[in-house]
Amino acid sequence: MKTPPESFLLFKEELVKAQLEKERLKLYYEQQLAEVNQELLRLKEQIQSQQDMMRTTLEYASNLEIRLTEVKEEVSQATSSQKKSIY
Amino acid sequence: MNETTSFSGIMDFDLAYEQRYAKVWSNAERKILICELLSDYVPIEDFQEAFGEIGHLVKKGDYTKFIFDKRALRAFHQPTMEWYFIHWKKEMLGYGLKTHRKILPEEKWFEKMVQIAKAQILTQYPDNIIDQLDIAYCDTIEEAVLT
């Protein structure tokens, strides 16, 4: 069997190197992508929490508004009944 | 971890634990643990990890006071607060951690949000242990250490 030419051996060696580099880069990008996805999940959770806080605040403000209206009506009724009793 | 801090010279605290979102300081002599949040938001996974570590410290040591510095926070996750308030505090009370001092952000709206959230949690969990704890809000670490 003939010995392969030197250029072929060099090419083969470069090919192995390139394949190893490709694997390294693949792992590196996969890792980077996992980190970005993790960060994305964290940001989603943060946005959801902020939305929940806003909803809670609006519900609270809305309840306060209802209560304020009720108090106003109570005051108005009390005032009118007081006037009736005087005159 | 050999980092040490002295909060305005009151007493030296050793850095006991550190992660992306929190730093935990301890002073065994004073029986105090301080948790300082570092970010405007802490995901539940990381929060539970940090408080799991604080739990280990409480179980190993003889800590009675916990100072929670939340000044960096701008948003909180209600289920996280629920877990901290109802489950973690109850478990820690079993190990003698009875005194809680909290430092909130200066923003009034945040304080209001905390009040609303706390009221919701207390309504949802009527068998909570809040009346067995000594809880107070402070403006600074120094005040929290001394009161």
# chains A, B, ... in the order shown; residues from 1 in each chain; ligands from 1

$ interface_residues --of "chain A" --to "chain B" --cutoff "10 Å" --atoms "only C-alpha atoms" --output "JSON, numbers by chain"
{"A": [41, 42, 43, 44, 45, 46, 47, 48, 49, 50, 51, 52, 53, 54, 56, 57, 60]}

$ write_last_selection --atoms "C-alpha atoms" --output "JSON list (two decimals), in the first residue's frame"
[["chain", "number", "residue", "atom", "x", "y", "z"],
["A", 41, "LEU", "CA", -37.09, 33.79, 31.61],
["A", 42, "ARG", "CA", -35.99, 36.05, 34.46],
["A", 43, "LEU", "CA", -37.10, 39.14, 32.57],
["A", 44, "LYS", "CA", -40.45, 37.51, 31.76],
["A", 45, "GLU", "CA", -40.96, 36.77, 35.45],
["A", 46, "GLN", "CA", -40.05, 40.36, 36.32],
["A", 47, "ILE", "CA", -42.48, 41.78, 33.75],
["A", 48, "GLN", "CA", -45.22, 39.45, 35.02],
["A", 49, "SER", "CA", -44.55, 40.58, 38.59],
["A", 50, "GLN", "CA", -44.69, 44.23, 37.58],
["A", 51, "GLN", "CA", -47.99, 43.60, 35.77],
["A", 52, "ASP", "CA", -49.34, 41.86, 38.88],
["A", 53, "MET", "CA", -48.26, 44.81, 41.02],
["A", 54, "MET", "CA", -50.02, 47.21, 38.65],
["A", 56, "THR", "CA", -53.13, 44.96, 42.51],
["A", 57, "THR", "CA", -52.63, 48.73, 42.67],
["A", 60, "TYR", "CA", -56.83, 48.78, 45.40]]

$ select_by_dssp --residues "chain B" --states "strand (DSSP E or B)" --output "number ranges by chain"
B: 4-6, 12-18, 22-27, 32-37, 65-69, 99-103, 134-138

$ write_last_selection --atoms "C-alpha atoms" --output "short mmCIF file (atom, residue, chain, number, x, y, z; two decimals), in the first residue's frame"
data_model
loop_
_atom_site.label_atom_id
_atom_site.label_comp_id
_atom_site.auth_asym_id
_atom_site.auth_seq_id
_atom_site.Cartn_x
_atom_site.Cartn_y
_atom_site.Cartn_z
CA THR B 4 -15.82 42.09 56.30
CA THR B 5 -17.82 45.24 56.58
CA SER B 6 -18.59 47.63 59.35
CA ASP B 12 -18.12 44.15 62.07
CA PHE B 13 -20.11 41.80 59.92
CA ASP B 14 -18.59 38.96 57.90
CA LEU B 15 -19.72 38.16 54.43
CA ALA B 16 -21.35 34.74 54.82
CA TYR B 17 -22.86 34.24 51.38
CA GLU B 18 -22.97 36.04 48.07
CA ALA B 22 -27.97 39.13 47.34
CA LYS B 23 -25.24 39.45 49.92
CA VAL B 24 -25.58 37.98 53.37
CA TRP B 25 -23.63 39.30 56.34
CA SER B 26 -23.36 37.73 59.75
CA ASN B 27 -22.31 38.67 63.23
CA ILE B 32 -27.62 39.09 63.67
CA LEU B 33 -27.87 38.20 59.99
CA ILE B 34 -28.21 40.87 57.31
CA CYS B 35 -29.48 40.15 53.81
CA GLU B 36 -28.85 42.94 51.35
CA LEU B 37 -30.61 42.63 48.01
CA LYS B 65 -32.32 38.83 64.46
CA PHE B 66 -32.68 39.12 60.70
CA ILE B 67 -32.25 42.41 58.88
CA PHE B 68 -33.66 42.47 55.37
CA ASP B 69 -32.36 45.37 53.31
CA THR B 99 -36.72 39.58 65.41
CA HIS B 100 -37.11 40.96 61.89
CA ARG B 101 -36.01 44.40 60.78
CA LYS B 102 -36.82 45.58 57.28
CA ILE B 103 -35.46 48.44 55.25
CA ASP B 134 -41.02 41.21 66.48
CA ILE B 135 -41.19 43.07 63.16
CA ALA B 136 -40.20 46.69 62.59
CA TYR B 137 -39.31 48.89 59.67
CA CYS B 138 -36.09 50.93 59.78
#

$ atom_distance --atom1 "atom CA of B:Ala50" --atom2 "atom CA of A:Gln32"
24.3 Å

$ select_by_dssp --residues "chain B" --states "helix (DSSP H, G or I)" --output "JSON, numbers by chain"
{"B": [7, 8, 9, 44, 45, 46, 47, 48, 49, 50, 51, 52, 53, 54, 55, 56, 57, 58, 59, 60, 78, 79, 80, 81, 82, 83, 84, 85, 86, 87, 88, 89, 90, 91, 92, 93, 108, 109, 110, 111, 112, 113, 114, 115, 116, 117, 118, 119, 120, 121, 122, 123, 124, 130, 131, 132, 141, 142, 143, 144, 145, 146]}

$ atom_distance --atom1 "atom CA of A:Tyr28" --atom2 "atom CA of B:Glu49"
26.5 Å

$ atom_distance --atom1 "atom CA of B:Ile129" --atom2 "atom CA of B:Leu93"
8.8 Å

$ decode --residues "chain A" --atoms "C-alpha atoms" --output "PDB file, in the first residue's frame"
ATOM      1  CA  MET A   1       0.000   0.000   0.000  1.00  0.00           C
ATOM      2  CA  LYS A   2       1.286   3.415  -0.966  1.00  0.00           C
ATOM      3  CA  THR A   3       2.016   6.030   1.697  1.00  0.00           C
ATOM      4  CA  PRO A   4      -0.394   8.988   1.272  1.00  0.00           C
ATOM      5  CA  PRO A   5       1.233  12.219   0.067  1.00  0.00           C
ATOM      6  CA  GLU A   6       2.335  14.681   2.725  1.00  0.00           C
ATOM      7  CA  SER A   7      -0.196  17.280   1.568  1.00  0.00           C
ATOM      8  CA  PHE A   8      -2.991  14.817   2.266  1.00  0.00           C
ATOM      9  CA  LEU A   9      -1.732  14.204   5.807  1.00  0.00           C
ATOM     10  CA  LEU A  10      -1.503  17.946   6.397  1.00  0.00           C
ATOM     11  CA  PHE A  11      -5.007  18.412   5.058  1.00  0.00           C
ATOM     12  CA  LYS A  12      -6.288  15.615   7.313  1.00  0.00           C
ATOM     13  CA  GLU A  13      -4.628  17.214  10.321  1.00  0.00           C
ATOM     14  CA  GLU A  14      -6.191  20.603   9.476  1.00  0.00           C
ATOM     15  CA  LEU A  15      -9.554  18.927   9.053  1.00  0.00           C
ATOM     16  CA  VAL A  16      -9.366  17.394  12.534  1.00  0.00           C
ATOM     17  CA  LYS A  17      -8.381  20.786  13.964  1.00  0.00           C
ATOM     18  CA  ALA A  18     -11.277  22.447  12.167  1.00  0.00           C
ATOM     19  CA  GLN A  19     -13.707  19.809  13.424  1.00  0.00           C
ATOM     20  CA  LEU A  20     -12.484  20.320  17.005  1.00  0.00           C
ATOM     21  CA  GLU A  21     -12.834  24.092  16.635  1.00  0.00           C
ATOM     22  CA  LYS A  22     -16.324  23.625  15.241  1.00  0.00           C
ATOM     23  CA  GLU A  23     -17.286  21.510  18.260  1.00  0.00           C
ATOM     24  CA  ARG A  24     -15.805  24.089  20.636  1.00  0.00           C
ATOM     25  CA  LEU A  25     -17.698  26.918  18.990  1.00  0.00           C
ATOM     26  CA  LYS A  26     -20.892  24.879  18.956  1.00  0.00           C
ATOM     27  CA  LEU A  27     -20.619  24.250  22.711  1.00  0.00           C
ATOM     28  CA  TYR A  28     -19.761  27.909  23.318  1.00  0.00           C
ATOM     29  CA  TYR A  29     -22.777  29.178  21.396  1.00  0.00           C
ATOM     30  CA  GLU A  30     -25.071  26.617  23.031  1.00  0.00           C
ATOM     31  CA  GLN A  31     -23.890  27.823  26.412  1.00  0.00           C
ATOM     32  CA  GLN A  32     -24.389  31.464  25.424  1.00  0.00           C
ATOM     33  CA  LEU A  33     -27.866  30.674  24.120  1.00  0.00           C
ATOM     34  CA  ALA A  34     -28.788  28.886  27.358  1.00  0.00           C
ATOM     35  CA  GLU A  35     -27.652  31.937  29.346  1.00  0.00           C
ATOM     36  CA  VAL A  36     -29.665  34.298  27.135  1.00  0.00           C
ATOM     37  CA  ASN A  37     -32.737  32.055  27.490  1.00  0.00           C
ATOM     38  CA  GLN A  38     -32.294  31.975  31.267  1.00  0.00           C
ATOM     39  CA  GLU A  39     -32.064  35.774  31.333  1.00  0.00           C
ATOM     40  CA  LEU A  40     -35.152  35.964  29.149  1.00  0.00           C
ATOM     41  CA  LEU A  41     -37.086  33.787  31.611  1.00  0.00           C
ATOM     42  CA  ARG A  42     -35.986  36.052  34.462  1.00  0.00           C
ATOM     43  CA  LEU A  43     -37.103  39.143  32.568  1.00  0.00           C
ATOM     44  CA  LYS A  44     -40.455  37.515  31.763  1.00  0.00           C
ATOM     45  CA  GLU A  45     -40.958  36.768  35.453  1.00  0.00           C
ATOM     46  CA  GLN A  46     -40.054  40.361  36.316  1.00  0.00           C
ATOM     47  CA  ILE A  47     -42.482  41.784  33.751  1.00  0.00           C
ATOM     48  CA  GLN A  48     -45.218  39.446  35.016  1.00  0.00           C
ATOM     49  CA  SER A  49     -44.548  40.582  38.589  1.00  0.00           C
ATOM     50  CA  GLN A  50     -44.691  44.226  37.581  1.00  0.00           C
ATOM     51  CA  GLN A  51     -47.986  43.601  35.775  1.00  0.00           C
ATOM     52  CA  ASP A  52     -49.343  41.864  38.884  1.00  0.00           C
ATOM     53  CA  MET A  53     -48.265  44.807  41.018  1.00  0.00           C
ATOM     54  CA  MET A  54     -50.024  47.213  38.652  1.00  0.00           C
ATOM     55  CA  ARG A  55     -53.171  45.078  38.708  1.00  0.00           C
ATOM     56  CA  THR A  56     -53.129  44.962  42.511  1.00  0.00           C
ATOM     57  CA  THR A  57     -52.633  48.729  42.673  1.00  0.00           C
ATOM     58  CA  LEU A  58     -55.497  49.380  40.275  1.00  0.00           C
ATOM     59  CA  GLU A  59     -57.776  47.008  42.190  1.00  0.00           C
ATOM     60  CA  TYR A  60     -56.828  48.785  45.404  1.00  0.00           C
ATOM     61  CA  ALA A  61     -57.463  52.222  43.871  1.00  0.00           C
ATOM     62  CA  SER A  62     -60.746  51.019  42.407  1.00  0.00           C
ATOM     63  CA  ASN A  63     -61.898  49.699  45.812  1.00  0.00           C
ATOM     64  CA  LEU A  64     -60.911  52.993  47.382  1.00  0.00           C
ATOM     65  CA  GLU A  65     -62.946  54.849  44.757  1.00  0.00           C
ATOM     66  CA  ILE A  66     -66.006  52.673  45.498  1.00  0.00           C
ATOM     67  CA  ARG A  67     -65.565  53.217  49.222  1.00  0.00           C
ATOM     68  CA  LEU A  68     -65.172  56.977  48.684  1.00  0.00           C
ATOM     69  CA  THR A  69     -68.405  57.107  46.686  1.00  0.00           C
ATOM     70  CA  GLU A  70     -70.194  55.178  49.445  1.00  0.00           C
ATOM     71  CA  VAL A  71     -68.887  57.557  52.118  1.00  0.00           C
ATOM     72  CA  LYS A  72     -69.948  60.561  50.024  1.00  0.00           C
ATOM     73  CA  GLU A  73     -73.467  59.098  49.714  1.00  0.00           C
ATOM     74  CA  GLU A  74     -73.584  58.396  53.459  1.00  0.00           C
ATOM     75  CA  VAL A  75     -72.488  61.965  54.230  1.00  0.00           C
ATOM     76  CA  SER A  76     -75.003  63.361  51.742  1.00  0.00           C
ATOM     77  CA  GLN A  77     -77.842  61.272  53.235  1.00  0.00           C
ATOM     78  CA  ALA A  78     -76.847  62.208  56.777  1.00  0.00           C
ATOM     79  CA  THR A  79     -76.755  65.895  55.835  1.00  0.00           C
ATOM     80  CA  SER A  80     -80.145  65.830  54.113  1.00  0.00           C
ATOM     81  CA  SER A  81     -81.809  63.925  56.984  1.00  0.00           C
ATOM     82  CA  GLN A  82     -80.299  66.418  59.424  1.00  0.00           C
ATOM     83  CA  LYS A  83     -81.779  69.318  57.417  1.00  0.00           C
ATOM     84  CA  LYS A  84     -85.186  67.619  57.371  1.00  0.00           C
ATOM     85  CA  SER A  85     -85.153  67.184  61.114  1.00  0.00           C
ATOM     86  CA  ILE A  86     -84.248  70.853  61.673  1.00  0.00           C
ATOM     87  CA  TYR A  87     -86.795  72.417  59.347  1.00  0.00           C
TER      88      TYR A  87
END
